[in-house]
file input_22.cif (mmCIF, C-alpha atoms)
data_entry
loop_
_atom_site.label_atom_id
_atom_site.label_comp_id
_atom_site.auth_asym_id
_atom_site.auth_seq_id
_atom_site.Cartn_x
_atom_site.Cartn_y
_atom_site.Cartn_z
CA MET A 1 -5.53 23.00 8.60
CA THR A 2 -8.54 21.02 7.42
CA GLU A 3 -9.45 17.67 8.90
CA PRO A 4 -9.07 14.59 6.68
CA THR A 5 -12.23 13.53 4.87
CA TYR A 6 -11.63 9.84 5.46
CA ASP A 7 -12.03 7.49 8.42
CA LEU A 8 -8.78 5.58 8.96
CA ASP A 9 -10.55 2.82 10.92
CA GLU A 10 -13.00 2.25 8.07
CA LEU A 11 -10.22 2.31 5.46
CA ALA A 12 -8.25 -0.28 7.45
CA LYS A 13 -11.32 -2.55 7.76
CA LYS A 14 -12.05 -2.19 4.04
CA ALA A 15 -8.42 -2.91 3.10
CA LYS A 16 -8.27 -5.93 5.43
CA GLU A 17 -11.42 -7.40 3.88
CA GLN A 18 -10.04 -6.86 0.37
CA LEU A 19 -6.62 -8.28 1.27
CA ASP A 20 -8.18 -11.31 3.02
CA ASN A 21 -10.21 -12.12 -0.08
CA ASP A 22 -7.71 -11.46 -2.87
CA PRO A 23 -4.13 -12.78 -2.63
CA ASP A 24 -3.21 -10.87 -5.80
CA LEU A 25 -4.58 -7.49 -4.67
CA ILE A 26 -2.41 -4.45 -5.18
CA ILE A 27 -3.58 -1.06 -3.91
CA GLU A 28 -1.68 1.68 -5.67
CA THR A 29 -1.50 5.39 -6.30
CA ASP A 30 0.83 7.72 -8.16
CA ILE A 31 2.28 10.26 -5.74
CA GLU A 32 4.37 12.20 -8.24
CA GLU A 33 5.72 11.79 -11.75
CA GLY A 34 7.51 8.43 -11.88
CA VAL A 35 6.78 7.50 -8.24
CA ARG A 36 4.02 5.13 -7.16
CA LEU A 37 3.01 3.71 -3.78
CA LEU A 38 1.88 0.08 -3.60
CA ILE A 39 0.28 -2.00 -0.88
CA CYS A 40 0.88 -5.67 -1.71
CA ARG A 41 -0.06 -8.96 -0.11
CA THR A 42 2.37 -11.88 0.06
CA GLY A 43 1.03 -15.36 0.84
CA TYR A 44 -2.09 -17.30 -0.10
CA ASP A 45 -3.42 -18.29 3.34
CA PRO A 46 -6.30 -15.85 4.05
CA ASN A 47 -5.51 -15.99 7.78
CA ASP A 48 -1.73 -15.69 7.62
CA TYR A 49 -0.05 -13.43 5.07
CA ARG A 50 2.28 -10.44 4.97
CA VAL A 51 1.40 -6.94 3.79
CA SER A 52 3.99 -4.49 2.53
CA LEU A 53 4.03 -0.85 1.54
CA GLU A 54 6.46 -0.17 -1.27
CA LYS A 55 7.55 2.88 -3.20
CA GLN A 56 8.16 2.14 -6.88
CA ILE A 57 10.39 4.64 -8.66
CA GLU A 58 10.82 4.73 -12.43
CA THR A 59 14.48 5.04 -13.40
CA GLU A 60 16.62 4.70 -16.46
CA ILE A 61 19.66 2.44 -16.73
CA ASN A 62 21.85 2.73 -19.81
CA GLY A 63 19.02 4.49 -21.61
CA GLU A 64 16.53 1.72 -20.82
CA PRO A 65 13.51 2.26 -18.55
CA ASP A 66 13.69 0.40 -15.25
CA GLU A 67 12.01 0.41 -11.85
CA GLU A 68 13.49 0.61 -8.40
CA CYS A 69 11.41 -0.65 -5.50
CA GLU A 70 11.91 0.60 -1.94
CA GLN A 71 10.09 -1.13 0.91
CA VAL A 72 8.61 1.46 3.27
CA SER A 73 7.10 -1.01 5.77
CA GLU A 74 5.99 -4.63 6.11
CA THR A 75 3.68 -6.28 8.60
CA ASP A 76 1.38 -9.20 9.31
CA SER A 77 -2.28 -9.47 8.34
CA SER A 78 -3.90 -8.38 11.61
CA LEU A 79 -6.32 -5.45 11.49
CA THR A 80 -4.05 -3.42 13.78
CA SER A 81 -1.09 -3.99 11.48
CA ILE A 82 -3.07 -3.16 8.34
CA TYR A 83 -4.24 0.04 10.07
CA GLY A 84 -0.54 0.96 10.39
CA ILE A 85 0.14 0.21 6.71
CA ILE A 86 -2.86 2.34 5.66
CA TYR A 87 -1.67 5.16 7.93
CA ASP A 88 1.82 4.99 6.37
CA TYR A 89 0.31 4.84 2.85
CA ILE A 90 -1.61 8.06 3.42
CA GLU A 91 1.32 9.77 5.19
CA GLU A 92 3.57 8.94 2.21
CA GLY A 93 1.06 10.63 -0.14
CA GLY A 94 -1.26 7.73 -1.01
CA ASP A 95 -4.81 8.59 -2.04
CA PRO A 96 -7.41 7.22 0.43
CA GLU A 97 -9.84 6.92 -2.51
CA THR A 98 -7.72 4.10 -3.99
CA ILE A 99 -8.42 1.84 -1.01
#
call {"tool": "encode", "arguments": {"input": "input_22.cif", "output": "structure tokens"}}
result
Amino acid sequence: MTEPTYDLDELAKKAKEQLDNDPDLIIETDIEEGVRLLICRTGYDPNDYRVSLEKQIETEINGEPDEECEQVSETDSSLTSIYGIIYDYIEEGGDPETI
């Protein structure tokens, strides 16, 4: 098995900096047809906000396109917590290049 070509510590630091500076930031990647992973920030205080990892699934209800959102994990804005979100994102199939 080959080693990952990314540094999880560096990705977490990069994501934290981006999330601290942009309350509307969404990090996303398609993991399969109709399924997308999203890392979202909730809250405008740059020192106190929540970060969630969500799986967005395209569905159809009564012939109309719709989306179902499943929360995978949620945490605070500390670097340690964001490290965990980034780890989960990659484990769920997220592309490290999107961070």
call {"tool": "closest_residue", "arguments": {"input": "input_22.cif", "among": "A:Thr98, A:Ser77, A:Asn62, A:Gln56", "to": "Gly43 of chain A", "atoms": "only C-alpha atoms"}}
result
A:Ser77
call {"tool": "resolve_selection", "arguments": {"input": "input_22.cif", "expression": "the PyMOL selection byres ((chain A and resi 99) around 12)", "output": "number ranges by chain"}}
result
A: 6-8, 10-19, 25-29, 37-40, 82-83, 85-87, 89-90, 94-98
call {"tool": "resolve_selection", "arguments": {"input": "input_22.cif", "expression": "the PyMOL selection byres ((chain A and resi 63-73) around 10)", "output": "PDB file with C-alpha atoms, keeping the file's coordinate frame"}}
result
ATOM      1  CA  GLY A  34       7.510   8.430 -11.880  1.00  0.00           C
ATOM      2  CA  VAL A  35       6.780   7.500  -8.240  1.00  0.00           C
ATOM      3  CA  ARG A  36       4.020   5.130  -7.160  1.00  0.00           C
ATOM      4  CA  LEU A  37       3.010   3.710  -3.780  1.00  0.00           C
ATOM      5  CA  LEU A  38       1.880   0.080  -3.600  1.00  0.00           C
ATOM      6  CA  ILE A  39       0.280  -2.000  -0.880  1.00  0.00           C
ATOM      7  CA  VAL A  51       1.400  -6.940   3.790  1.00  0.00           C
ATOM      8  CA  SER A  52       3.990  -4.490   2.530  1.00  0.00           C
ATOM      9  CA  LEU A  53       4.030  -0.850   1.540  1.00  0.00           C
ATOM     10  CA  GLU A  54       6.460  -0.170  -1.270  1.00  0.00           C
ATOM     11  CA  LYS A  55       7.550   2.880  -3.200  1.00  0.00           C
ATOM     12  CA  GLN A  56       8.160   2.140  -6.880  1.00  0.00           C
ATOM     13  CA  ILE A  57      10.390   4.640  -8.660  1.00  0.00           C
ATOM     14  CA  GLU A  58      10.820   4.730 -12.430  1.00  0.00           C
ATOM     15  CA  THR A  59      14.480   5.040 -13.400  1.00  0.00           C
ATOM     16  CA  GLU A  60      16.620   4.700 -16.460  1.00  0.00           C
ATOM     17  CA  ILE A  61      19.660   2.440 -16.730  1.00  0.00           C
ATOM     18  CA  ASN A  62      21.850   2.730 -19.810  1.00  0.00           C
ATOM     19  CA  GLU A  74       5.990  -4.630   6.110  1.00  0.00           C
ATOM     20  CA  THR A  75       3.680  -6.280   8.600  1.00  0.00           C
ATOM     21  CA  GLY A  84      -0.540   0.960  10.390  1.00  0.00           C
ATOM     22  CA  ILE A  85       0.140   0.210   6.710  1.00  0.00           C
ATOM     23  CA  ASP A  88       1.820   4.990   6.370  1.00  0.00           C
ATOM     24  CA  TYR A  89       0.310   4.840   2.850  1.00  0.00           C
ATOM     25  CA  GLU A  92       3.570   8.940   2.210  1.00  0.00           C
TER      26      GLU A  92
END
call {"tool": "atom_distance", "arguments": {"input": "input_22.cif", "atom1": "atom CA of Arg41 of chain A", "atom2": "atom CA of Glu91 of chain A"}}
result
19.5 Å
call {"tool": "atom_distance", "arguments": {"input": "input_22.cif", "atom1": "atom CA of Gly93 of chain A", "atom2": "atom CA of Thr5 of chain A"}}
result
14.5 Å
call {"tool": "atom_distance", "arguments": {"input": "input_22.cif", "atom1": "atom CA of Leu79 of chain A", "atom2": "atom CA of Asp30 of chain A"}}
result
24.7 Å
